[in-house]
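Enquirer: Got a structure here, written out as structure tokens. Questions coming.
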Amino acid sequence: METHLAKRVEIIIEAPLERRLTDALVKAGVTGYTVLPVSGGSGASGQWTRAGQVSSAGGMVAVVCLIRPDRKDDLLDAAFSVVERHIGVVSISDAEVLRAERF
Amino acid sequence: METHLAKRVEIIIEAPLERRLTDALVKAGVTGYTVLPVSGGSGASGQWTRAGQVSSAGGMVAVVCLIRPDRKDDLLDAAFSVVERHIGVVSISDAEVLRAERF
Amino acid sequence: METHLAKRVEIIIEAPLERRLTDALVKAGVTGYTVLPVSGGSGASGQWTRAGQVSSAGGMVAVVCLIRPDRKDDLLDAAFSVVERHIGVVSISDAEVLRAERF
Amino acid sequence: MADILSLAASNLISPIILSFVLGLLAALARSDLSVPEAVAKGMSIYLLFAIGFKGGVGVAAHGLDAKLVGTMVAALALSFLLPFIAFALLGGLTKLSTVDKAAVAAHYGSISIVTFVAATSVLESRGIMSEGYMVAAAAVMEAPAILSALWLIAWKGGTTRTDGGLYREILLNGSIVLLVGAFFIGAITGEEGLERIASFIVSPFEGVLCLFLLDMGLVAGRGLRESWRELGIGSVIFGVTMPLIGSVFGLVAALLIGLSPGGAVLLMTLSASASYIAVPAAMRVALPEARPSIYLTLSLGVTFPFNLTVGIPLYTAVATSIAGG
Amino acid sequence: MADILSLAASNLISPIILSFVLGLLAALARSDLSVPEAVAKGMSIYLLFAIGFKGGVGVAAHGLDAKLVGTMVAALALSFLLPFIAFALLGGLTKLSTVDKAAVAAHYGSISIVTFVAATSVLESRGIMSEGYMVAAAAVMEAPAILSALWLIAWKGGTTRTDGGLYREILLNGSIVLLVGAFFIGAITGEEGLERIASFIVSPFEGVLCLFLLDMGLVAGRGLRESWRELGIGSVIFGVTMPLIGSVFGLVAALLIGLSPGGAVLLMTLSASASYIAVPAAMRVALPEARPSIYLTLSLGVTFPFNLTVGIPLYTAVATSIAGG
Amino acid sequence: MADILSLAASNLISPIILSFVLGLLAALARSDLSVPEAVAKGMSIYLLFAIGFKGGVGVAAHGLDAKLVGTMVAALALSFLLPFIAFALLGGLTKLSTVDKAAVAAHYGSISIVTFVAATSVLESRGIMSEGYMVAAAAVMEAPAILSALWLIAWKGGTTRTDGGLYREILLNGSIVLLVGAFFIGAITGEEGLERIASFIVSPFEGVLCLFLLDMGLVAGRGLRESWRELGIGSVIFGVTMPLIGSVFGLVAALLIGLSPGGAVLLMTLSASASYIAVPAAMRVALPEARPSIYLTLSLGVTFPFNLTVGIPLYTAVATSIAGG
Ligand SMILES: Nc1ncnc2c1ncn2[C@@H]1O[C@H](COP(=O)(O)O)[C@@H](O)[C@H]1O
Ligand SMILES: Nc1ncnc2c1ncn2[C@@H]1O[C@H](COP(=O)(O)O)[C@@H](O)[C@H]1O
Ligand SMILES: Nc1ncnc2c1ncn2[C@@H]1O[C@H](COP(=O)(O)O)[C@@H](O)[C@H]1O
Ligand code: NA
Ligand code: NA
Ligand code: NA
């Protein structure tokens, strides 16, 4: 099966910023993204869990984005513009994908 | 701690196909897989969210599968046979695992 | 955008052990982690799904941890001490991160 | 006519309809109001269980009548037949691909259980009786239309993905199993069983229906906002014409069988309504090339609100005046 | 005074308060008791829908009175004004940064709908009537305080992140839309509508409130356990003083408008309560540097229990004796 | 005997049992019917809160009687003792490893709160009174059996993983905390408190129980389908014998204490039932080598349905005829 090089970008960001991030990603030219729920975590700003929460404020989501390697910088710029002042982490790893025409 | 080379395959696929995919994976010889819920996303076929949905039709799941590197082709063939006509993405990255005897 | 090398460790572990694992990670010096819900899976000990479950016993969670590469061994030792006798998988992949000062 | 209008007006200002409208408006205005998926599924389980159970109790109380078999046969026939009519109508009104037309047709041959529930709730508020086994007719009509759609595709030379698993999935679909199962539980335990759980499945029923319709409004509104551009005017005309055509078939069947006016209203509603749970999932497996932005938007965004606001009062007025109210 | 104490005591041993205490204790003792997020959101949707609907029915039943406009203006003014008082008070009592002070101030200018609901439930159990449109006042008070906080930051030379989207999000926040929407549905369908869904939104209301407060106790307790170290004694004093100050402003406004004693209690409660849903989400977007460990812990861990246990009985006693009970 | 059979038959056709059967059949037939995890947890919170609260109100109404202490001591003793009997019986009937035997034994010393709830619901429908504090006995019996199992392992030379955290987790387990907490809330607020929330925790109780048992049937059926191959015939015999043995111990204890017939039924049911929430989670931590496919399948797939269908009517018949009904 033929595969193609790609980058897998995973952005863990506060839930209230989800739409702003995905809008920025789309503007930066990504063809798609997937949002995974996050149930808890810990970092410099303390520990948290979604259990029993009503407000979206106390939670994060993970946005996974597969992109062609040459789009990496645009995407990171876009992501960073949203994440900049906020808590959350951005990681990038090398990946291969099937069906490169989709990215 | 000794680690062993492996591949991490992540398949984001429509929820109604989950069982077909995992059956195909098992047939292709994977020793295990893990299914993560997906709460929303966007791609060529538009944007979606699971919020308020009752039908499984309007949603996707992420299936993560750690395999020995030499099993990669079998697995991709199996995955592709299911994903082929459907929306969704398949990505593979290099990984190391503990306890290689499990894979 | 400047990125820094890191390791992305993903630990899929039984839900009742979540707190023990995260405590061990924190002790081993990780600066943060993120917990993702897992809805089902399969492995040597059979197939399972969270659907309809009340007890935390029949389920797993995925703990994702981004670390500086030099912390990898400490973290794996810590993770292994918890996972050792239990079912579950640990995988590590290379990654880059933004904002290295956070890790 | 004045009667229909007044019925429609009084129907329109019910909490049920207004809750749907609230959800629709909130979604169109891009409010972040949303119902968690688990809660929506929970309410749907509640509604299916309650409506099935009450149908079963109805059968236990009033006995099986001779019309039961006729009703089931008619339901089966309608569900097989209506997709062909829908397919032909779509051919006349739209330029959709064969696959899209077949997928839409499958939705309109199948049924929307919430539309059915809303109709029973209207009947109840007007004191119109109906046959308890109409719930079984609803269950019978869920799946056959999918086969018609697959047959249409095969006939047009297209390919579908129908492994053996698909038929089991369609038949043992969660909502069918729950509806039928609850129906049997109701039929077995009867009035006595109902009494024990009435304050759970009867009294709060209409309130839960409000919140569920709020959610349906949110989902429908989100779908419309995302996909209305893909719907041509022809599709929209289809979305309001097809239920009317379907309801006529339902009415004729009801008259032939000799159903009560309430039963006729329900068979009309079933024929007029379009699926939004079982069929979409089956389509994703069997006809992945068909676009949900067409079939879901039509079924949930056009036909569902049409039936809720105009359709049900209309079918009620027609059936009660023709079938003798 | 004895009256207040006995009111407070009888209030304290209600299932509602005790459920909150149970949640609080369970969280402090690190029990793994927890309510799933989806269930908590489901209960919150139920409570907002029920309280909005009943408010609307109240307006439909008793008619709009001339005080309505006054109440809305007062609610708006209070929500704009209180953050400035809170900001000043925080300046005197704590060493918090400007950003933290502004964020806390926004919470105290806004309202906690559960505190409001708990107050209505106390009023009901004492047979004290209140104006139905107080629910609309609650909705009006949700958002304006956010603007005051942003203005405070700008005035102090700080920067906020306020794209156009933010204002839409604040105004079309799910809880505001649901509360206002349900209010209108209640007002349109009136007593007749209420009757159809009363066994859903009226009878089980207080029981659902118990479970919701159990969850609030769990969340508040977890917050306190995690963050109490970051709260200085000054902040805690603020957390119990500010509601009292707020309630006095609410009382004065109520007297000026001429609200009924029950209405006065509710306006006092609104002024005294601090947001824990809409404002925190807005703060995460607009003032990301402000620490949730301060503003959420104060609002949910200090002021919420204070109002629940001491505040509401106190406001009830004061309002009924001054506004003529 | 005829009495027992008629009791059993009338029990079997209750909506509660039939809902369980429906879930079981749906899972065995591989239907995709499923209840979301959050909804299942929400229902379990509701049931624990309601049953605890009602027990507390019972104590408040009828007062503490001298038997209370005896009941708690007996409950404690039974929970410590029964695992040893189960362990020995498993040794005779099966070839399971020591670890598996100990884990199964822990489950049978502990209790299933849903079985308890189903028994109270049978008692209520027959108008048989029972002591309110039986709920407290249920809470007392949740955890001690775990210690017996760990002790059995240590005695056999095995190793367990018991850090200090484990004991806190077992004792402050969510379901124990909620049950005991609700019991105290009920005892404190009494009949007056109950009245305020009765239409939430009393009237819809049996209906919620139906849906919860539907879910239990689904989970049990899935477990059976997945793991029945691992159960030998010996294990299955254990799964229906052990509850009978347990119930005899419960009966003897009840007679020694002088419990009412209803109380005796409940103590028998507690002794006969096997845990499916608290113990499995503790086993995953302390005895990871024990196989859930054995202990969960036995507890949920064999013993739970046995008690629900045969056990409870049998215990009721025996207790009422011996303890003087
Ligand atoms: N090293 C890390 N690995 C994985 N997730 C992290 C890490 N650091 C932070 N996070 C996630 O990001 C959130 C905010 O982190 P922080 O800004 O450090 O408080 C945490 O609650 C975690 O969910
Ligand atoms: N580049 C991508 N990165 C991550 N997820 C994607 C990507 N493209 C598509 N997806 C996911 O796959 C689904 C279907 O994509 P598509 O087939 O492009 O409509 C989307 O809704 C996303 O959840
Ligand atoms: N190869 C694998 N890839 C991904 N997840 C796995 C794999 N093997 C096991 N798992 C996960 O770990 C759980 C326990 O695995 P096991 O210990 O093999 O029963 C499974 O139910 C899966 O959720
Ligand atoms: Na139809
Ligand atoms: Na306020
Ligand atoms: Na037992």
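Lettering and numbering for the structure tokens are positional, with chains as A, B, ... in the shown order, residues counted from 1 in each chain, and ligands counted from 1 in the shown order.
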Could you give me, as a VMD selection string, every polymer residue with an atom at most 9 Å away from an atom of ligand 1, counting only C-alpha atoms and all ligand atoms?
Expert: (chain A and resid 12 to 14 38 to 49 59 to 61 86 to 90) or (chain C and resid 8 to 9 30 to 35 63 to 68 102 to 103)
Enquirer: Residues within 10 Å of Leu270 of chain F, please, as a VMD selection string. Count only C-alpha atoms; anything in the same chain fewer than 4 positions from it doesn't count.
Expert: chain F and resid 75 78 to 79 108 to 113 115 to 116 119 134 to 135 137 to 138 141 to 142 243 246 to 247 250 264 to 266 274 to 275
Enquirer: What are the residues of chain D that have an atom within 12 Å of an atom of chain E, counting only C-alpha atoms, as a compact mmCIF listing (two decimals) with N, CA, C and O atoms, in the first residue's frame?
Expert:
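Saved as result_3.txt:
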# COMPACT_ATOMS: atom_id res chain seq x y z
N ALA D 9 -52.96 26.09 14.31
CA ALA D 9 -52.53 27.18 15.18
C ALA D 9 -52.38 26.69 16.61
O ALA D 9 -51.36 26.96 17.26
N SER D 10 -53.37 25.93 17.09
CA SER D 10 -53.28 25.50 18.49
C SER D 10 -52.15 24.51 18.64
O SER D 10 -51.52 24.41 19.69
N ASN D 11 -51.86 23.77 17.57
CA ASN D 11 -50.73 22.85 17.60
C ASN D 11 -49.42 23.63 17.64
O ASN D 11 -48.49 23.28 18.35
N LEU D 12 -49.39 24.72 16.88
CA LEU D 12 -48.15 25.49 16.77
C LEU D 12 -47.72 26.11 18.08
O LEU D 12 -46.53 26.31 18.32
N ILE D 13 -48.70 26.48 18.92
CA ILE D 13 -48.27 27.12 20.16
C ILE D 13 -48.17 26.13 21.31
O ILE D 13 -48.23 26.50 22.47
N SER D 14 -48.00 24.86 20.99
CA SER D 14 -47.76 23.90 22.07
C SER D 14 -46.30 23.98 22.49
O SER D 14 -45.43 24.35 21.70
N PRO D 15 -46.00 23.65 23.76
CA PRO D 15 -44.61 23.69 24.22
C PRO D 15 -43.70 22.82 23.35
O PRO D 15 -42.53 23.15 23.15
N ILE D 16 -44.25 21.73 22.82
CA ILE D 16 -43.45 20.81 22.02
C ILE D 16 -42.90 21.49 20.77
O ILE D 16 -41.70 21.48 20.50
N ILE D 17 -43.81 22.08 20.00
CA ILE D 17 -43.39 22.73 18.77
C ILE D 17 -42.47 23.91 19.08
O ILE D 17 -41.44 24.11 18.43
N LEU D 18 -42.85 24.68 20.08
CA LEU D 18 -42.05 25.87 20.39
C LEU D 18 -40.65 25.48 20.84
O LEU D 18 -39.69 26.21 20.58
N SER D 19 -40.52 24.35 21.52
CA SER D 19 -39.19 23.90 21.92
C SER D 19 -38.34 23.58 20.69
O SER D 19 -37.16 23.92 20.63
N PHE D 20 -38.98 22.95 19.71
CA PHE D 20 -38.25 22.67 18.47
C PHE D 20 -37.82 23.97 17.81
O PHE D 20 -36.67 24.12 17.38
N VAL D 21 -38.74 24.92 17.75
CA VAL D 21 -38.42 26.20 17.12
C VAL D 21 -37.28 26.89 17.87
O VAL D 21 -36.35 27.44 17.26
N LEU D 22 -37.32 26.82 19.19
CA LEU D 22 -36.24 27.42 19.99
C LEU D 22 -34.89 26.81 19.60
O LEU D 22 -33.91 27.53 19.38
N GLY D 23 -34.86 25.48 19.51
CA GLY D 23 -33.60 24.83 19.13
C GLY D 23 -33.14 25.25 17.75
O GLY D 23 -31.97 25.55 17.53
N LEU D 24 -34.10 25.29 16.84
CA LEU D 24 -33.79 25.67 15.46
C LEU D 24 -33.21 27.08 15.41
O LEU D 24 -32.14 27.31 14.81
N LEU D 25 -33.87 28.01 16.07
CA LEU D 25 -33.40 29.39 16.06
C LEU D 25 -32.03 29.51 16.73
O LEU D 25 -31.14 30.21 16.25
N ALA D 26 -31.86 28.81 17.85
CA ALA D 26 -30.59 28.88 18.56
C ALA D 26 -29.46 28.40 17.65
O ALA D 26 -28.38 29.01 17.60
N ALA D 27 -29.70 27.32 16.92
CA ALA D 27 -28.65 26.80 16.04
C ALA D 27 -28.40 27.75 14.88
O ALA D 27 -27.24 27.99 14.51
N LEU D 28 -29.46 28.29 14.30
CA LEU D 28 -29.28 29.20 13.17
C LEU D 28 -28.55 30.47 13.62
O LEU D 28 -27.77 31.04 12.88
N ALA D 29 -28.78 30.89 14.86
CA ALA D 29 -28.11 32.09 15.37
C ALA D 29 -26.71 31.74 15.88
O ALA D 29 -26.03 32.59 16.43
N ARG D 30 -26.29 30.49 15.71
CA ARG D 30 -24.98 30.04 16.14
C ARG D 30 -24.75 30.15 17.64
O ARG D 30 -23.62 30.38 18.10
N SER D 31 -25.82 30.01 18.41
CA SER D 31 -25.63 29.92 19.86
C SER D 31 -24.86 28.65 20.17
O SER D 31 -24.90 27.68 19.42
N ASP D 32 -24.15 28.64 21.29
CA ASP D 32 -23.43 27.41 21.63
C ASP D 32 -24.30 26.46 22.47
O ASP D 32 -23.80 25.51 23.04
N LEU D 33 -25.61 26.76 22.52
CA LEU D 33 -26.51 25.84 23.22
C LEU D 33 -26.42 24.46 22.60
O LEU D 33 -26.51 24.30 21.39
N SER D 34 -26.19 23.44 23.42
CA SER D 34 -26.16 22.08 22.88
C SER D 34 -26.52 21.08 23.95
O SER D 34 -26.33 21.32 25.14
N VAL D 35 -27.08 19.97 23.51
CA VAL D 35 -27.46 18.89 24.41
C VAL D 35 -26.38 17.82 24.26
O VAL D 35 -26.03 17.45 23.15
N PRO D 36 -25.82 17.35 25.38
CA PRO D 36 -24.79 16.32 25.22
C PRO D 36 -25.34 15.10 24.49
O PRO D 36 -26.50 14.73 24.66
N GLU D 37 -24.50 14.48 23.69
CA GLU D 37 -24.89 13.29 22.94
C GLU D 37 -25.51 12.23 23.86
O GLU D 37 -26.55 11.66 23.54
N ALA D 38 -24.89 12.00 25.01
CA ALA D 38 -25.39 10.95 25.90
C ALA D 38 -26.80 11.28 26.39
O ALA D 38 -27.64 10.38 26.54
N VAL D 39 -27.07 12.56 26.65
CA VAL D 39 -28.39 12.95 27.13
C VAL D 39 -29.42 12.78 26.01
O VAL D 39 -30.53 12.28 26.24
N ALA D 40 -29.05 13.16 24.80
CA ALA D 40 -29.96 12.98 23.67
C ALA D 40 -30.28 11.49 23.49
O ALA D 40 -31.44 11.12 23.29
N LYS D 41 -29.25 10.65 23.57
CA LYS D 41 -29.50 9.22 23.44
C LYS D 41 -30.35 8.70 24.59
O LYS D 41 -31.22 7.85 24.39
N GLY D 42 -30.10 9.19 25.78
CA GLY D 42 -30.90 8.79 26.93
C GLY D 42 -32.37 9.14 26.73
O GLY D 42 -33.25 8.32 26.99
N MET D 43 -32.63 10.35 26.26
CA MET D 43 -34.02 10.74 26.04
C MET D 43 -34.65 9.89 24.96
O MET D 43 -35.83 9.52 25.04
N SER D 121 -49.08 12.38 20.72
CA SER D 121 -49.29 13.38 21.75
C SER D 121 -50.39 14.37 21.35
O SER D 121 -51.18 14.82 22.19
N VAL D 122 -50.46 14.67 20.05
CA VAL D 122 -51.56 15.51 19.57
C VAL D 122 -52.89 14.77 19.72
O VAL D 122 -53.88 15.32 20.19
N GLU D 124 -53.65 12.41 21.80
CA GLU D 124 -54.01 12.35 23.21
C GLU D 124 -54.61 13.66 23.70
O GLU D 124 -55.62 13.68 24.41
N SER D 125 -53.98 14.77 23.32
CA SER D 125 -54.49 16.05 23.80
C SER D 125 -55.86 16.35 23.23
O SER D 125 -56.59 17.18 23.75
N ALA D 198 -46.22 4.11 35.52
CA ALA D 198 -46.89 5.22 34.83
C ALA D 198 -46.29 6.56 35.19
O ALA D 198 -46.15 7.44 34.33
N SER D 199 -45.91 6.76 36.44
CA SER D 199 -45.38 8.08 36.80
C SER D 199 -43.98 8.28 36.24
O SER D 199 -43.40 9.34 36.39
N PHE D 200 -43.45 7.27 35.60
CA PHE D 200 -42.20 7.47 34.88
C PHE D 200 -42.46 7.61 33.38
O PHE D 200 -41.93 8.52 32.75
N ILE D 201 -43.27 6.72 32.81
CA ILE D 201 -43.38 6.75 31.34
C ILE D 201 -44.60 7.51 30.83
O ILE D 201 -44.67 7.80 29.65
N VAL D 202 -45.55 7.83 31.70
CA VAL D 202 -46.70 8.57 31.21
C VAL D 202 -46.62 10.05 31.60
O VAL D 202 -46.54 10.93 30.74
N SER D 203 -46.60 10.34 32.89
CA SER D 203 -46.71 11.75 33.29
C SER D 203 -45.61 12.64 32.72
O SER D 203 -45.90 13.70 32.19
N PRO D 204 -44.34 12.28 32.85
CA PRO D 204 -43.34 13.25 32.37
C PRO D 204 -43.09 13.19 30.87
O PRO D 204 -42.26 13.91 30.35
N PHE D 205 -43.83 12.31 30.17
CA PHE D 205 -43.54 12.03 28.76
C PHE D 205 -43.47 13.30 27.90
O PHE D 205 -42.49 13.54 27.20
N GLU D 206 -44.50 14.11 28.01
CA GLU D 206 -44.56 15.27 27.12
C GLU D 206 -43.45 16.28 27.43
O GLU D 206 -42.93 16.95 26.53
N GLY D 207 -43.06 16.35 28.70
CA GLY D 207 -41.97 17.24 29.06
C GLY D 207 -40.64 16.78 28.47
O GLY D 207 -39.88 17.58 27.92
N VAL D 208 -40.40 15.47 28.55
CA VAL D 208 -39.17 14.94 27.95
C VAL D 208 -39.18 15.18 26.45
O VAL D 208 -38.17 15.56 25.85
N LEU D 209 -40.37 15.00 25.86
CA LEU D 209 -40.49 15.23 24.42
C LEU D 209 -40.10 16.67 24.07
O LEU D 209 -39.45 16.92 23.05
N CYS D 210 -40.46 17.63 24.92
CA CYS D 210 -40.06 19.03 24.70
C CYS D 210 -38.55 19.14 24.60
O CYS D 210 -38.01 19.73 23.66
N LEU D 211 -37.86 18.61 25.60
CA LEU D 211 -36.40 18.74 25.60
C LEU D 211 -35.79 17.99 24.42
O LEU D 211 -34.81 18.43 23.82
N PHE D 212 -36.40 16.85 24.07
CA PHE D 212 -35.86 16.10 22.94
C PHE D 212 -36.04 16.91 21.65
O PHE D 212 -35.15 16.95 20.80
N LEU D 214 -36.24 20.13 21.47
CA LEU D 214 -35.25 21.21 21.54
C LEU D 214 -33.96 20.73 20.89
O LEU D 214 -33.35 21.42 20.05
N ASP D 215 -33.54 19.54 21.27
CA ASP D 215 -32.31 18.98 20.70
C ASP D 215 -32.44 18.74 19.21
O ASP D 215 -31.53 19.05 18.43
N LEU D 218 -31.96 21.86 17.48
CA LEU D 218 -30.55 22.24 17.42
C LEU D 218 -29.83 21.48 16.31
O LEU D 218 -29.07 22.06 15.53
Enquirer: Find the residues around segment 93-95 of chain C up to 7 Å (only C-alpha atoms counted), leave out those fewer than 5 positions away in its own chain, and share them as a ChimeraX atom specification.
Expert: /A:91-93 /B:94-96 /C:5-9
Enquirer: Just write the chosen residues, N, CA and C atoms, as a PDB file, in the first residue's frame.
Expert:
ATOM      1  N   SER A  91       1.999  19.695  19.685  1.00  0.00           N
ATOM      2  CA  SER A  91       3.080  18.776  19.321  1.00  0.00           C
ATOM      3  C   SER A  91       2.927  18.332  17.880  1.00  0.00           C
ATOM      4  N   ILE A  92       4.072  18.034  17.253  1.00  0.00           N
ATOM      5  CA  ILE A  92       4.079  17.645  15.842  1.00  0.00           C
ATOM      6  C   ILE A  92       4.881  16.360  15.721  1.00  0.00           C
ATOM      7  N   SER A  93       4.346  15.389  14.992  1.00  0.00           N
ATOM      8  CA  SER A  93       5.195  14.224  14.724  1.00  0.00           C
ATOM      9  C   SER A  93       5.119  13.834  13.255  1.00  0.00           C
TER      10      SER A  93
ATOM     11  N   ASP B  94       6.044   6.158  13.450  1.00  0.00           N
ATOM     12  CA  ASP B  94       6.993   5.289  14.129  1.00  0.00           C
ATOM     13  C   ASP B  94       6.817   5.439  15.623  1.00  0.00           C
ATOM     14  N   ALA B  95       6.976   4.338  16.320  1.00  0.00           N
ATOM     15  CA  ALA B  95       6.846   4.400  17.774  1.00  0.00           C
ATOM     16  C   ALA B  95       7.741   3.341  18.382  1.00  0.00           C
ATOM     17  N   GLU B  96       7.930   3.455  19.669  1.00  0.00           N
ATOM     18  CA  GLU B  96       8.558   2.377  20.419  1.00  0.00           C
ATOM     19  C   GLU B  96       7.537   1.907  21.436  1.00  0.00           C
TER      20      GLU B  96
ATOM     21  N   LEU C   5      12.710  19.373  20.128  1.00  0.00           N
ATOM     22  CA  LEU C   5      12.498  17.933  20.156  1.00  0.00           C
ATOM     23  C   LEU C   5      11.855  17.504  21.477  1.00  0.00           C
ATOM     24  N   ALA C   6      10.991  16.535  21.370  1.00  0.00           N
ATOM     25  CA  ALA C   6      10.319  16.027  22.573  1.00  0.00           C
ATOM     26  C   ALA C   6       9.920  14.580  22.314  1.00  0.00           C
ATOM     27  N   LYS C   7       9.435  13.939  23.341  1.00  0.00           N
ATOM     28  CA  LYS C   7       8.873  12.600  23.180  1.00  0.00           C
ATOM     29  C   LYS C   7       7.394  12.675  23.549  1.00  0.00           C
ATOM     30  N   ARG C   8       6.597  11.964  22.779  1.00  0.00           N
ATOM     31  CA  ARG C   8       5.169  11.858  23.088  1.00  0.00           C
ATOM     32  C   ARG C   8       4.924  10.442  23.596  1.00  0.00           C
ATOM     33  N   VAL C   9       4.603  10.331  24.868  1.00  0.00           N
ATOM     34  CA  VAL C   9       4.360   9.021  25.464  1.00  0.00           C
ATOM     35  C   VAL C   9       2.856   8.842  25.626  1.00  0.00           C
TER      36      VAL C   9
END
Enquirer: Could you pull out the residues in segment 5-52 of chain A that DSSP calls strand (DSSP E) from the backbone, as number ranges by chain?
Expert: A: 5-14, 33-37, 40-43, 46-49
Enquirer: Counting only C-alpha atoms and all ligand atoms, give me one row per residue of chain F with an atom at most 12 Å from an atom of ligand 3, showing the shortest contact pair and its distance in Å to one decimal, sorted by chain then residue number, as CSV.
Expert:
residue,atom,partner,partner_atom_place_in_ligand_line,distance
F:Pro288,CA,ligand 3,17 (O),10.7
F:Glu289,CA,ligand 3,17 (O),10.8
F:Arg291,CA,ligand 3,19 (O),10.6
F:Pro292,CA,ligand 3,19 (O),11.0
F:Ser293,CA,ligand 3,19 (O),11.3
Enquirer: Please check the contacts: residues of chain A at most 6 Å away from chain E, using only C-alpha atoms, listed as a PDB file with N, CA and C atoms, in the first residue's frame.
Expert:
ATOM      1  N   ALA A  51     -15.306  15.858  34.957  1.00  0.00           N
ATOM      2  CA  ALA A  51     -16.423  15.244  35.675  1.00  0.00           C
ATOM      3  C   ALA A  51     -17.305  16.287  36.340  1.00  0.00           C
ATOM      4  N   GLY A  52     -18.585  16.229  36.058  1.00  0.00           N
ATOM      5  CA  GLY A  52     -19.543  17.092  36.729  1.00  0.00           C
ATOM      6  C   GLY A  52     -19.555  18.537  36.281  1.00  0.00           C
ATOM      7  N   GLN A  53     -18.685  18.908  35.337  1.00  0.00           N
ATOM      8  CA  GLN A  53     -18.609  20.300  34.900  1.00  0.00           C
ATOM      9  C   GLN A  53     -19.788  20.668  34.013  1.00  0.00           C
ATOM     10  N   VAL A  54     -20.251  21.892  34.131  1.00  0.00           N
ATOM     11  CA  VAL A  54     -21.284  22.370  33.239  1.00  0.00           C
ATOM     12  C   VAL A  54     -20.688  23.381  32.263  1.00  0.00           C
ATOM     13  N   SER A  55     -19.839  24.224  32.767  1.00  0.00           N
ATOM     14  CA  SER A  55     -19.221  25.242  31.920  1.00  0.00           C
ATOM     15  C   SER A  55     -18.152  24.622  31.035  1.00  0.00           C
ATOM     16  N   ALA A  57     -15.579  26.151  30.388  1.00  0.00           N
ATOM     17  CA  ALA A  57     -14.335  26.832  30.752  1.00  0.00           C
ATOM     18  C   ALA A  57     -13.315  25.866  31.331  1.00  0.00           C
ATOM     19  N   HIS A  86      -2.629  31.492  25.759  1.00  0.00           N
ATOM     20  CA  HIS A  86      -3.448  30.536  26.508  1.00  0.00           C
ATOM     21  C   HIS A  86      -2.648  29.341  26.983  1.00  0.00           C
TER      22      HIS A  86
END
Enquirer: Ranking B:Leu25, B:Leu17, B:Leu36, B:Met1 by minimum distance to chain A and counting only C-alpha atoms, which one comes first?
Expert: B:Leu36
Enquirer: Determine which residues of segment 8-90 of chain A receive a DSSP assignment of alpha helix (DSSP H), computed from the backbone, and state them as number ranges by chain.
Expert: A: 18-27, 72-83
Enquirer: From the list B:Ala100, B:Gly29, B:Ile11, B:Pro16, which residue is nearest chain A when using only C-alpha atoms?
Expert: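 Closest residue, counting only C-alpha atoms: B:Ile11.
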